[in-house]
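Novice: Dropping in input_4.cif, with mmCIF, C-alpha atoms and all ligand atoms.
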data_coords
#
loop_
_atom_site.label_atom_id
_atom_site.label_comp_id
_atom_site.auth_asym_id
_atom_site.auth_seq_id
_atom_site.Cartn_x
_atom_site.Cartn_y
_atom_site.Cartn_z
CA MET A 1 18.68 103.43 -151.56
CA LYS A 2 18.41 102.94 -147.82
CA THR A 3 16.41 105.38 -145.72
CA LEU A 4 17.59 106.68 -142.36
CA GLY A 5 14.71 104.81 -140.73
CA GLU A 6 15.78 101.50 -142.30
CA PHE A 7 19.40 102.17 -141.37
CA ILE A 8 18.50 102.85 -137.72
CA VAL A 9 16.47 99.63 -137.48
CA GLU A 10 19.26 97.65 -139.17
CA LYS A 11 21.87 99.00 -136.74
CA GLN A 12 19.66 98.27 -133.77
CA ALA A 13 19.61 94.63 -134.82
CA ASP A 14 23.39 94.59 -134.25
CA TYR A 15 22.69 95.05 -130.52
CA PRO A 16 20.16 92.37 -129.53
CA SER A 17 19.94 93.76 -125.99
CA ALA A 18 19.04 97.24 -127.24
CA LYS A 19 15.46 98.14 -126.48
CA GLY A 20 15.11 100.69 -129.25
CA GLU A 21 15.28 103.77 -127.04
CA LEU A 22 18.24 105.31 -128.85
CA SER A 23 16.59 104.51 -132.17
CA GLY A 24 13.50 106.36 -130.95
CA ILE A 25 15.56 109.43 -130.06
CA LEU A 26 17.26 109.43 -133.46
CA SER A 27 13.83 109.25 -135.07
CA SER A 28 12.68 112.31 -133.16
CA ILE A 29 15.84 114.18 -134.20
CA ARG A 30 15.05 113.22 -137.79
CA LEU A 31 11.62 114.81 -137.36
CA VAL A 32 13.16 117.97 -135.86
CA ALA A 33 15.48 118.15 -138.88
CA LYS A 34 12.50 118.06 -141.25
CA VAL A 35 10.64 120.76 -139.33
CA ILE A 36 13.63 123.12 -139.17
CA HIS A 37 14.47 122.40 -142.82
CA ARG A 38 10.93 123.38 -143.80
CA ASP A 39 11.02 126.65 -141.90
CA ILE A 40 14.53 127.66 -142.90
CA ASN A 41 13.59 127.22 -146.51
CA LYS A 42 10.85 129.81 -146.10
CA ALA A 43 13.01 132.22 -144.11
CA GLY A 44 13.17 134.87 -146.82
CA LEU A 45 9.35 134.94 -147.05
CA ASN A 46 8.55 134.99 -143.39
CA ASN A 47 9.30 137.91 -141.11
CA ASP A 48 8.38 135.81 -138.09
CA ILE A 49 11.48 133.76 -138.76
CA ILE A 50 14.25 136.00 -140.02
CA GLY A 51 15.92 138.61 -137.90
CA ASN A 52 16.78 139.24 -134.33
CA SER A 53 14.25 138.36 -131.65
CA GLY A 54 15.33 141.37 -129.61
CA ILE A 55 16.41 139.23 -126.69
CA GLU A 56 19.79 137.93 -125.61
CA ASN A 57 20.45 134.28 -124.90
CA VAL A 58 22.26 133.02 -121.82
CA GLN A 59 25.62 133.71 -123.50
CA GLY A 60 24.70 137.39 -123.85
CA GLU A 61 24.45 136.94 -127.62
CA ALA A 62 21.59 138.23 -129.73
CA GLN A 63 19.06 135.46 -130.17
CA MET A 64 17.66 135.12 -133.65
CA LYS A 65 13.98 134.30 -134.07
CA LEU A 66 14.90 131.02 -135.69
CA ASP A 67 17.23 130.14 -132.78
CA ALA A 68 14.30 130.30 -130.41
CA PHE A 69 12.02 128.51 -132.86
CA ALA A 70 14.49 125.64 -133.38
CA HIS A 71 15.03 125.33 -129.63
CA GLU A 72 11.27 125.10 -128.91
CA LYS A 73 10.67 122.58 -131.72
CA MET A 74 13.50 120.38 -130.55
CA LYS A 75 12.40 120.46 -126.92
CA ALA A 76 8.81 119.65 -127.87
CA ALA A 77 9.87 116.73 -130.08
CA LEU A 78 12.02 115.26 -127.31
CA ILE A 79 9.46 115.75 -124.53
CA ALA A 80 6.96 113.86 -126.67
CA ARG A 81 9.08 110.70 -126.49
CA ASP A 82 9.48 108.21 -123.68
CA GLU A 83 13.22 107.85 -124.11
CA VAL A 84 14.50 111.26 -122.99
CA ALA A 85 15.04 112.23 -119.36
CA GLY A 86 16.30 115.78 -119.92
CA PHE A 87 17.45 118.39 -122.39
CA GLY A 88 20.23 120.99 -122.26
CA SER A 89 20.39 123.66 -124.96
CA GLU A 90 22.63 126.52 -125.90
CA GLU A 91 19.51 128.67 -125.92
CA GLU A 92 18.37 127.99 -122.35
CA GLU A 93 20.20 128.89 -119.15
CA ASN A 94 19.38 125.72 -117.22
CA PHE A 95 18.87 122.17 -118.36
CA VAL A 96 15.29 120.91 -118.40
CA ALA A 97 14.50 117.73 -116.46
CA PHE A 98 11.54 115.97 -118.03
CA ASP A 99 9.97 115.42 -114.64
CA THR A 100 7.12 113.13 -115.59
CA GLU A 101 6.87 109.43 -114.88
CA ARG A 102 8.17 108.68 -118.38
CA GLY A 103 10.97 111.23 -118.10
CA ARG A 104 12.09 109.97 -114.69
CA ASN A 105 12.28 106.44 -116.07
CA ALA A 106 14.10 107.37 -119.26
CA LYS A 107 17.75 106.50 -119.79
CA TYR A 108 19.16 109.28 -121.97
CA ILE A 109 19.79 113.02 -121.87
CA ILE A 110 20.35 115.26 -124.90
CA LEU A 111 22.44 118.37 -125.35
CA ALA A 112 22.01 120.52 -128.44
CA ASP A 113 22.77 123.68 -130.28
CA PRO A 114 19.41 123.81 -132.06
CA LEU A 115 20.56 126.35 -134.62
CA ASP A 116 24.27 126.89 -135.03
CA GLY A 117 25.58 129.77 -137.12
CA SER A 118 22.23 131.53 -136.92
CA SER A 119 23.66 134.94 -137.83
CA ASN A 120 23.94 133.45 -141.34
CA ILE A 121 20.22 132.80 -141.81
CA ASP A 122 19.26 136.26 -142.98
CA VAL A 123 21.78 136.08 -145.82
CA ASN A 124 20.88 132.58 -147.01
CA VAL A 125 24.06 130.85 -145.86
CA ALA A 126 24.03 127.27 -144.54
CA VAL A 127 23.32 126.77 -140.85
CA GLY A 128 23.05 123.63 -138.75
CA THR A 129 21.70 121.76 -135.73
CA ILE A 130 24.13 119.90 -133.46
CA PHE A 131 23.16 117.18 -130.96
CA SER A 132 24.86 115.00 -128.39
CA ILE A 133 23.37 112.07 -126.46
CA TYR A 134 24.52 110.58 -123.13
CA ARG A 135 23.28 107.84 -120.87
CA ARG A 136 22.20 109.41 -117.56
CA ILE A 137 24.27 108.63 -114.47
CA SER A 138 21.61 109.46 -111.87
CA PRO A 139 19.33 106.58 -110.81
CA ILE A 140 16.43 105.65 -113.08
CA GLY A 141 13.15 106.71 -111.48
CA THR A 142 14.46 110.11 -110.34
CA ALA A 143 14.64 113.47 -112.10
CA VAL A 144 17.96 114.10 -113.88
CA THR A 145 20.51 116.40 -112.26
CA LEU A 146 23.27 118.69 -113.52
CA ALA A 147 25.81 115.85 -113.14
CA ASP A 148 24.01 113.94 -115.92
CA PHE A 149 24.84 116.80 -118.31
CA LEU A 150 28.42 117.41 -117.15
CA GLN A 151 29.91 114.17 -118.42
CA PRO A 152 33.12 114.18 -120.45
CA GLY A 153 32.67 113.84 -124.22
CA HIS A 154 34.12 110.33 -124.37
CA LYS A 155 30.93 109.17 -122.63
CA GLN A 156 28.74 110.23 -125.54
CA VAL A 157 26.50 107.48 -126.85
CA ALA A 158 25.70 109.29 -130.08
CA ALA A 159 26.27 112.67 -131.67
CA GLY A 160 25.61 114.35 -134.96
CA TYR A 161 24.48 117.37 -136.87
CA ILE A 162 22.08 118.45 -139.54
CA VAL A 163 23.44 120.86 -142.12
CA TYR A 164 20.81 122.92 -143.96
CA GLY A 165 22.88 123.61 -147.05
CA SER A 166 22.41 123.32 -150.78
CA SER A 167 20.82 120.08 -149.68
CA THR A 168 19.92 119.17 -146.11
CA MET A 169 22.03 116.38 -144.62
CA LEU A 170 21.99 114.52 -141.34
CA VAL A 171 25.35 113.10 -140.25
CA TYR A 172 25.70 111.06 -137.07
CA THR A 173 27.69 108.49 -135.16
CA THR A 174 26.81 106.02 -132.43
CA GLY A 175 30.48 105.21 -131.87
CA ASN A 176 30.72 102.84 -134.80
CA GLY A 177 31.77 105.09 -137.68
CA VAL A 178 30.07 108.11 -139.22
CA ASN A 179 27.25 107.99 -141.75
CA GLY A 180 25.57 110.76 -143.72
CA PHE A 181 22.02 110.98 -145.08
CA THR A 182 20.71 113.43 -147.64
CA TYR A 183 17.15 114.72 -147.43
CA ASP A 184 15.05 113.98 -150.49
CA THR A 185 12.46 116.74 -150.28
CA SER A 186 10.14 115.16 -152.82
CA LEU A 187 9.89 111.94 -150.81
CA GLY A 188 10.29 113.53 -147.37
CA VAL A 189 12.95 110.98 -146.37
CA PHE A 190 16.63 111.00 -145.52
CA LEU A 191 18.58 108.60 -147.76
CA LEU A 192 21.96 107.07 -146.97
CA SER A 193 24.29 108.98 -149.29
CA HIS A 194 27.63 108.99 -147.44
CA GLU A 195 28.37 105.62 -145.88
CA ASN A 196 31.18 105.20 -143.36
CA ILE A 197 32.73 108.65 -143.86
CA LYS A 198 36.51 108.87 -143.34
CA ILE A 199 38.19 112.26 -143.11
CA PRO A 200 41.39 112.52 -145.18
CA GLN A 201 44.46 112.42 -142.91
CA ASN A 202 45.84 115.51 -144.66
CA GLY A 203 43.82 118.37 -146.02
CA LYS A 204 44.50 121.53 -147.96
CA CYS A 205 42.05 123.79 -146.25
CA TYR A 206 42.13 125.78 -143.00
CA SER A 207 39.09 127.47 -141.52
CA ILE A 208 39.47 130.24 -138.94
CA ASN A 209 38.23 133.80 -138.50
CA GLU A 210 41.48 135.38 -139.56
CA GLY A 211 40.13 138.87 -138.89
CA ASN A 212 41.00 138.14 -135.26
CA TYR A 213 44.63 137.33 -136.13
CA LEU A 214 46.16 139.99 -133.89
CA LYS A 215 44.18 138.67 -130.91
CA PHE A 216 45.30 135.04 -131.32
CA PRO A 217 47.89 133.20 -129.20
CA MET A 218 51.37 132.93 -130.75
CA GLY A 219 50.98 129.19 -131.51
CA VAL A 220 47.97 129.92 -133.74
CA LYS A 221 49.70 132.84 -135.46
CA LYS A 222 52.72 130.65 -136.23
CA TYR A 223 50.52 127.81 -137.48
CA LEU A 224 48.65 130.19 -139.81
CA LYS A 225 51.95 131.37 -141.26
CA TYR A 226 52.92 127.70 -141.70
CA CYS A 227 49.64 127.14 -143.63
CA GLN A 228 50.48 130.06 -145.92
CA GLU A 229 54.11 129.12 -146.67
CA GLU A 230 55.10 127.64 -150.00
CA ASP A 231 56.04 123.94 -149.84
CA GLU A 232 55.33 121.59 -152.70
CA SER A 233 55.70 118.32 -150.81
CA SER A 234 52.98 119.25 -148.29
CA HIS A 235 50.82 121.06 -150.87
CA ARG A 236 51.18 124.42 -149.18
CA PRO A 237 50.03 127.10 -149.20
CA TYR A 238 46.71 125.72 -148.02
CA THR A 239 43.43 127.31 -149.00
CA SER A 240 41.57 129.44 -146.50
CA ARG A 241 37.81 128.71 -146.27
CA TYR A 242 35.64 130.16 -143.52
CA ILE A 243 31.86 130.18 -143.72
CA GLY A 244 31.31 131.20 -140.11
CA SER A 245 28.92 128.28 -139.52
CA LEU A 246 30.75 125.60 -137.56
CA VAL A 247 28.55 122.84 -138.98
CA SER A 248 29.19 123.88 -142.59
CA ASP A 249 32.91 124.45 -142.10
CA PHE A 250 33.23 121.13 -140.27
CA HIS A 251 31.17 119.29 -142.89
CA ARG A 252 33.33 120.52 -145.77
CA ASN A 253 36.52 119.60 -143.91
CA LEU A 254 35.10 116.19 -142.98
CA LEU A 255 34.49 115.32 -146.61
CA LYS A 256 37.49 117.00 -148.21
CA GLY A 257 40.08 117.20 -145.44
CA GLY A 258 40.97 120.31 -143.49
CA ILE A 259 41.15 121.91 -140.08
CA TYR A 260 38.69 124.19 -138.29
CA ILE A 261 40.09 126.36 -135.51
CA TYR A 262 38.32 128.63 -133.04
CA PRO A 263 41.12 129.43 -130.60
CA THR A 264 41.28 131.55 -127.48
CA SER A 265 41.85 135.22 -128.20
CA THR A 266 42.15 138.40 -126.22
CA HIS A 267 38.45 138.88 -127.03
CA TYR A 268 37.43 135.32 -126.06
CA PRO A 269 40.01 134.24 -123.44
CA LEU A 270 38.30 130.83 -123.05
CA GLY A 271 37.36 130.40 -126.71
CA LYS A 272 33.91 131.10 -128.15
CA LEU A 273 32.40 127.70 -128.82
CA ARG A 274 30.59 125.69 -126.20
CA LEU A 275 32.15 122.41 -125.06
CA LEU A 276 28.89 120.53 -124.52
CA TYR A 277 26.88 121.71 -127.52
CA GLU A 278 29.59 122.18 -130.15
CA GLY A 279 33.03 120.89 -129.08
CA ASN A 280 32.13 117.42 -127.83
CA PRO A 281 29.75 116.32 -130.60
CA MET A 282 32.11 117.56 -133.33
CA ALA A 283 35.06 115.89 -131.57
CA PHE A 284 33.19 112.57 -131.35
CA LEU A 285 32.33 112.73 -135.07
CA ALA A 286 35.88 113.74 -136.04
CA GLU A 287 37.46 110.89 -134.09
CA GLN A 288 34.94 108.39 -135.42
CA ALA A 289 35.88 109.48 -138.95
CA GLY A 290 39.62 109.08 -138.20
CA GLY A 291 40.34 112.72 -137.37
CA LEU A 292 41.22 114.54 -134.17
CA ALA A 293 39.88 117.27 -131.91
CA SER A 294 41.88 119.21 -129.34
CA ASP A 295 41.60 122.38 -127.29
CA GLY A 296 45.18 123.11 -128.31
CA TYR A 297 46.74 121.03 -125.54
CA GLN A 298 44.41 118.15 -124.72
CA ARG A 299 41.84 115.90 -126.33
CA ILE A 300 38.44 117.59 -126.32
CA LEU A 301 36.69 114.34 -125.33
CA ASP A 302 38.78 114.08 -122.14
CA ILE A 303 37.81 117.49 -120.72
CA GLU A 304 35.78 117.19 -117.50
CA PRO A 305 33.04 119.82 -117.84
CA THR A 306 32.29 121.99 -114.82
CA GLU A 307 29.43 124.06 -116.21
CA LEU A 308 26.66 123.69 -118.75
CA HIS A 309 27.63 126.58 -121.01
CA GLN A 310 31.39 126.08 -120.66
CA ARG A 311 33.46 127.40 -123.55
CA THR A 312 36.44 125.74 -125.16
CA PRO A 313 38.99 126.51 -127.84
CA LEU A 314 38.59 124.02 -130.69
CA PHE A 315 41.05 122.56 -133.21
CA VAL A 316 39.23 119.87 -135.17
CA GLY A 317 39.64 118.02 -138.45
CA SER A 318 42.23 115.99 -140.35
CA LYS A 319 44.57 114.08 -138.05
CA ASN A 320 47.88 115.37 -139.38
CA MET A 321 46.67 118.95 -139.51
CA VAL A 322 45.41 118.97 -135.93
CA GLU A 323 48.64 117.35 -134.77
CA LYS A 324 50.66 120.01 -136.56
CA ALA A 325 48.58 122.89 -135.17
CA THR A 326 48.80 121.58 -131.62
CA SER A 327 52.56 121.11 -131.96
CA PHE A 328 52.77 124.87 -132.62
CA MET A 329 50.58 125.52 -129.57
CA LEU A 330 52.95 123.52 -127.41
CA GLU A 331 56.06 125.12 -128.87
CA TYR A 332 54.78 128.67 -128.21
CA GLN A 333 52.78 127.80 -125.12
CA ASN A 334 53.72 130.82 -123.04
CA GLN A 335 53.61 133.48 -125.73
P1 LIG B 401 26.41 130.29 -132.45
O1 LIG B 401 26.25 128.95 -131.82
O2 LIG B 401 25.94 131.40 -131.56
O3 LIG B 401 25.82 130.35 -133.83
O4 LIG B 401 28.00 130.56 -132.56
C1 LIG B 401 28.81 129.58 -133.10
C2 LIG B 401 29.32 130.04 -134.43
C3 LIG B 401 29.94 128.93 -135.23
O5 LIG B 401 28.99 128.29 -136.02
C4 LIG B 401 30.92 129.68 -136.07
O6 LIG B 401 31.96 128.85 -136.51
C5 LIG B 401 31.41 130.75 -135.16
O7 LIG B 401 30.37 130.96 -134.22
C6 LIG B 401 31.66 132.01 -135.89
O8 LIG B 401 32.12 132.96 -135.02
P2 LIG B 401 32.86 134.29 -135.53
O9 LIG B 401 31.83 135.12 -136.19
O10 LIG B 401 33.41 134.90 -134.30
O11 LIG B 401 33.95 133.84 -136.48
MG MG B 402 23.80 128.66 -131.77
#
What is this structure when it is put down as structure tokens?
Specialist:
Amino acid sequence: MKTLGEFIVEKQADYPSAKGELSGILSSIRLVAKVIHRDINKAGLNNDIIGNSGIENVQGEAQMKLDAFAHEKMKAALIARDEVAGFGSEEEENFVAFDTERGRNAKYIILADPLDGSSNIDVNVAVGTIFSIYRRISPIGTAVTLADFLQPGHKQVAAGYIVYGSSTMLVYTTGNGVNGFTYDTSLGVFLLSHENIKIPQNGKCYSINEGNYLKFPMGVKKYLKYCQEEDESSHRPYTSRYIGSLVSDFHRNLLKGGIYIYPTSTHYPLGKLRLLYEGNPMAFLAEQAGGLASDGYQRILDIEPTELHQRTPLFVGSKNMVEKATSFMLEYQNQ
């Protein structure tokens, strides 16, 4: 069995000019995964971790204690390395420029949702960490600026997630396929368990918060009815599965085939999910596994971000399913 550490070193050897900086960042994310795994596993025993922190994050959403904890751990782990020039997080209003000599000379910036689906922690349902890595565009030797963080998703150098589920897994891509590693708690190492993951082109599962049905655009309503119709040749009706943790819903669909949708609605006119912390990394992974990601009308990875906490509708998963859903969006565009 190959460990994540061995895998990272092996992949680095494929790029003789690589100086190991990206490998170093992936190693620090691996450490963050272990720390969050450890604390999530004790959540039921520790009142300092479960529950609401009593403050709202920048999105105006209740911040859970573990949200704040995961954010601080991740920031600390990244600051401690020489390779990271700045960090943008769903849990902090502004990006942080690591304005030290090492930070100013570092090449990469990281965006993350340190704890996605955190409202699920108190009830023992799987949550995740999502990360996205870009090469800075500002000159080396200076502090990073907002422009470094507002790059379109197709510029990502690496992206991935950790899902803290029945086992903890780290899944990531550096633009050369998607690989998954399962955490062996007895050894304290991630082992390569899912090599070169490919998402089935067709799936039988759709994931959406259907309680919001009446608030959805017509294209989504029509697509949901399509999913529920009887048709033997396309294996419909599909199964509805919605955990309410993007990472878990995405992970299931990645392995088994399916589509995850968080559309616009009258409640969330721009969608709920964040382009930089959730949309782009998931889109990069989906495409690398042979799937697709769209905002309903255009490729997620082509969107030019204008703000750090920008929201986007998201249709992501099996290629044929995303194509079908977006064809309904186009057909009922103005309704
Ligand atoms: P979060 O980043 O604040 O946890 O919000 C994102 C989460 C996703 O994980 C999940 O798919 C979605 O929000 C669930 O939202 P809803 O409860 O509206 O269905
Ligand atoms: Mg979150």
Novice: Show which residues sit within 8 Å of A:Ser118, as a compact mmCIF listing (two decimals) with C-alpha atoms, in the frame of the given file. Count all atoms listed in the file, and ignore same-chain residues fewer than 6 positions away.
Specialist:
# COMPACT_ATOMS: atom_id res chain seq x y z
CA MET A 64 17.66 135.12 -133.65
CA LEU A 66 14.90 131.02 -135.69
CA ASP A 67 17.23 130.14 -132.78
CA VAL A 127 23.32 126.77 -140.85
CA SER A 245 28.92 128.28 -139.52
Novice: Write out, as CSV, each residue of chain A that has an atom at most 10 Å from ligand LIG 401 (chain B), together with the closest pair of atoms and their distance in Å to one decimal, counting all atoms listed in the file, rows going by chain and rising number.
Specialist:
residue,atom,partner,partner_atom,distance
A:Asn57,CA,B:LIG401,O2,9.1
A:Gln59,CA,B:LIG401,O2,8.4
A:Gly60,CA,B:LIG401,O2,9.8
A:Glu61,CA,B:LIG401,O2,7.0
A:Ala62,CA,B:LIG401,O2,8.3
A:Gln63,CA,B:LIG401,O2,8.1
A:Met64,CA,B:LIG401,O2,9.3
A:Asp67,CA,B:LIG401,O3,8.7
A:Glu90,CA,B:LIG401,O1,7.4
A:Glu91,CA,B:LIG401,O1,9.0
A:Asp113,CA,B:LIG401,O1,6.5
A:Pro114,CA,B:LIG401,O1,8.6
A:Leu115,CA,B:LIG401,O3,6.7
A:Asp116,CA,B:LIG401,O3,4.0
A:Gly117,CA,B:LIG401,O3,3.3
A:Ser118,CA,B:LIG401,O3,4.9
A:Ser119,CA,B:LIG401,O3,6.5
A:Asn120,CA,B:LIG401,O3,8.3
A:Ala126,CA,B:LIG401,O5,9.9
A:Val127,CA,B:LIG401,O5,7.6
A:Gly128,CA,B:LIG401,O5,8.0
A:Thr129,CA,B:LIG401,O1,9.4
A:Ile130,CA,B:LIG401,O1,9.4
A:Ser207,CA,B:LIG401,O6,8.8
A:Ile208,CA,B:LIG401,O11,7.0
A:Asn209,CA,B:LIG401,O11,4.7
A:Glu210,CA,B:LIG401,O11,8.3
A:Gly211,CA,B:LIG401,O11,8.3
A:Asn212,CA,B:LIG401,O10,8.3
A:Tyr242,CA,B:LIG401,O6,8.0
A:Ile243,CA,B:LIG401,O6,7.3
A:Gly244,CA,B:LIG401,C6,4.3
A:Ser245,CA,B:LIG401,O5,3.5
A:Leu246,CA,B:LIG401,O5,3.6
A:Val247,CA,B:LIG401,O5,6.2
A:Ser248,CA,B:LIG401,O5,7.9
A:Asp249,CA,B:LIG401,O6,7.2
A:Phe250,CA,B:LIG401,O6,8.7
A:Tyr260,CA,B:LIG401,O6,8.4
A:Ile261,CA,B:LIG401,O6,8.6
A:Tyr262,CA,B:LIG401,O6,7.2
A:His267,CA,B:LIG401,O10,9.7
A:Tyr268,CA,B:LIG401,O10,9.2
A:Gly271,CA,B:LIG401,O10,9.7
A:Lys272,CA,B:LIG401,O7,7.0
A:Leu273,CA,B:LIG401,C1,5.9
A:Arg274,CA,B:LIG401,O1,7.8
A:Tyr277,CA,B:LIG401,O1,8.4
A:Glu278,CA,B:LIG401,O1,7.7
Novice: Kindly save the residues from that selection, with C-alpha atoms included, as a PDB file, in the frame of the given file.
Specialist:
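Writing the result to part39.pdb gives the following:
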ATOM      1  CA  ASN A  57      20.450 134.280-124.900  1.00  0.00           C
ATOM      2  CA  GLN A  59      25.620 133.710-123.500  1.00  0.00           C
ATOM      3  CA  GLY A  60      24.700 137.390-123.850  1.00  0.00           C
ATOM      4  CA  GLU A  61      24.450 136.940-127.620  1.00  0.00           C
ATOM      5  CA  ALA A  62      21.590 138.230-129.730  1.00  0.00           C
ATOM      6  CA  GLN A  63      19.060 135.460-130.170  1.00  0.00           C
ATOM      7  CA  MET A  64      17.660 135.120-133.650  1.00  0.00           C
ATOM      8  CA  ASP A  67      17.230 130.140-132.780  1.00  0.00           C
ATOM      9  CA  GLU A  90      22.630 126.520-125.900  1.00  0.00           C
ATOM     10  CA  GLU A  91      19.510 128.670-125.920  1.00  0.00           C
ATOM     11  CA  ASP A 113      22.770 123.680-130.280  1.00  0.00           C
ATOM     12  CA  PRO A 114      19.410 123.810-132.060  1.00  0.00           C
ATOM     13  CA  LEU A 115      20.560 126.350-134.620  1.00  0.00           C
ATOM     14  CA  ASP A 116      24.270 126.890-135.030  1.00  0.00           C
ATOM     15  CA  GLY A 117      25.580 129.770-137.120  1.00  0.00           C
ATOM     16  CA  SER A 118      22.230 131.530-136.920  1.00  0.00           C
ATOM     17  CA  SER A 119      23.660 134.940-137.830  1.00  0.00           C
ATOM     18  CA  ASN A 120      23.940 133.450-141.340  1.00  0.00           C
ATOM     19  CA  ALA A 126      24.030 127.270-144.540  1.00  0.00           C
ATOM     20  CA  VAL A 127      23.320 126.770-140.850  1.00  0.00           C
ATOM     21  CA  GLY A 128      23.050 123.630-138.750  1.00  0.00           C
ATOM     22  CA  THR A 129      21.700 121.760-135.730  1.00  0.00           C
ATOM     23  CA  ILE A 130      24.130 119.900-133.460  1.00  0.00           C
ATOM     24  CA  SER A 207      39.090 127.470-141.520  1.00  0.00           C
ATOM     25  CA  ILE A 208      39.470 130.240-138.940  1.00  0.00           C
ATOM     26  CA  ASN A 209      38.230 133.800-138.500  1.00  0.00           C
ATOM     27  CA  GLU A 210      41.480 135.380-139.560  1.00  0.00           C
ATOM     28  CA  GLY A 211      40.130 138.870-138.890  1.00  0.00           C
ATOM     29  CA  ASN A 212      41.000 138.140-135.260  1.00  0.00           C
ATOM     30  CA  TYR A 242      35.640 130.160-143.520  1.00  0.00           C
ATOM     31  CA  ILE A 243      31.860 130.180-143.720  1.00  0.00           C
ATOM     32  CA  GLY A 244      31.310 131.200-140.110  1.00  0.00           C
ATOM     33  CA  SER A 245      28.920 128.280-139.520  1.00  0.00           C
ATOM     34  CA  LEU A 246      30.750 125.600-137.560  1.00  0.00           C
ATOM     35  CA  VAL A 247      28.550 122.840-138.980  1.00  0.00           C
ATOM     36  CA  SER A 248      29.190 123.880-142.590  1.00  0.00           C
ATOM     37  CA  ASP A 249      32.910 124.450-142.100  1.00  0.00           C
ATOM     38  CA  PHE A 250      33.230 121.130-140.270  1.00  0.00           C
ATOM     39  CA  TYR A 260      38.690 124.190-138.290  1.00  0.00           C
ATOM     40  CA  ILE A 261      40.090 126.360-135.510  1.00  0.00           C
ATOM     41  CA  TYR A 262      38.320 128.630-133.040  1.00  0.00           C
ATOM     42  CA  HIS A 267      38.450 138.880-127.030  1.00  0.00           C
ATOM     43  CA  TYR A 268      37.430 135.320-126.060  1.00  0.00           C
ATOM     44  CA  GLY A 271      37.360 130.400-126.710  1.00  0.00           C
ATOM     45  CA  LYS A 272      33.910 131.100-128.150  1.00  0.00           C
ATOM     46  CA  LEU A 273      32.400 127.700-128.820  1.00  0.00           C
ATOM     47  CA  ARG A 274      30.590 125.690-126.200  1.00  0.00           C
ATOM     48  CA  TYR A 277      26.880 121.710-127.520  1.00  0.00           C
ATOM     49  CA  GLU A 278      29.590 122.180-130.150  1.00  0.00           C
TER      50      GLU A 278
END
Novice: Write out as a PyMOL selection string each polymer residue whose atoms come within 12 Å of A:Gly24, counting only C-alpha atoms; drop sequence neighbours fewer than 6 positions from it.
Specialist: chain A and resi 5+8-9+12+18+30-31+77-78+80-84+106-108
Novice: When you look at A:Lys34 with a cut-off of 9 Å (counting all atoms listed in the file), what residues show up, excluding the ones that are within fewer than 4 positions of it in the same chain? I need them as a list of chain:residue names.
Specialist: A:Ile29, A:Arg30, A:Arg38, A:Asp39, A:Thr168, A:Tyr183, A:Gly188, A:Val189
Novice: With 7 Å as the threshold, what does the neighbourhood of (41.6, 116.1, -143.0) contain in terms of residues, counting only C-alpha atoms? Coordinates are those of the file; answer as number ranges by chain.
Specialist: A: 199-203, 253-254, 256-259, 291, 317-319, 321
Novice: Around the point (19.4, 106.1, -122.9) in the file's coordinates, collect all residues with an atom within 12 Å, using all atoms listed in the file, and return them as a ChimeraX atom specification.
Specialist: /A:18-26,81-86,103-110,132-138,140,148,155-158
Novice: Nearest to ligand MG 402 (chain B) among A:Asp99, A:Ala68, A:Ala13, A:Ile303, with distances taken over all atoms listed in the file: which residue is it?
Specialist: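 Using all atoms listed in the file, ligand MG 402 (chain B) sits closest to A:Ala68.
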Novice: Please, what distance in Å, to one decimal, runs between atom CA of A:Leu45 and atom CA of A:Ala70?
Specialist: 17.3 Å
Novice: Choose the residue, out of A:Gly177, A:Gly160, A:Leu150, A:Val171, that has the smallest atom-to-atom separation from A:Phe190; count all atoms listed in the file.
Specialist: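 Under the stated criterion, the closest residue is A:Val171.
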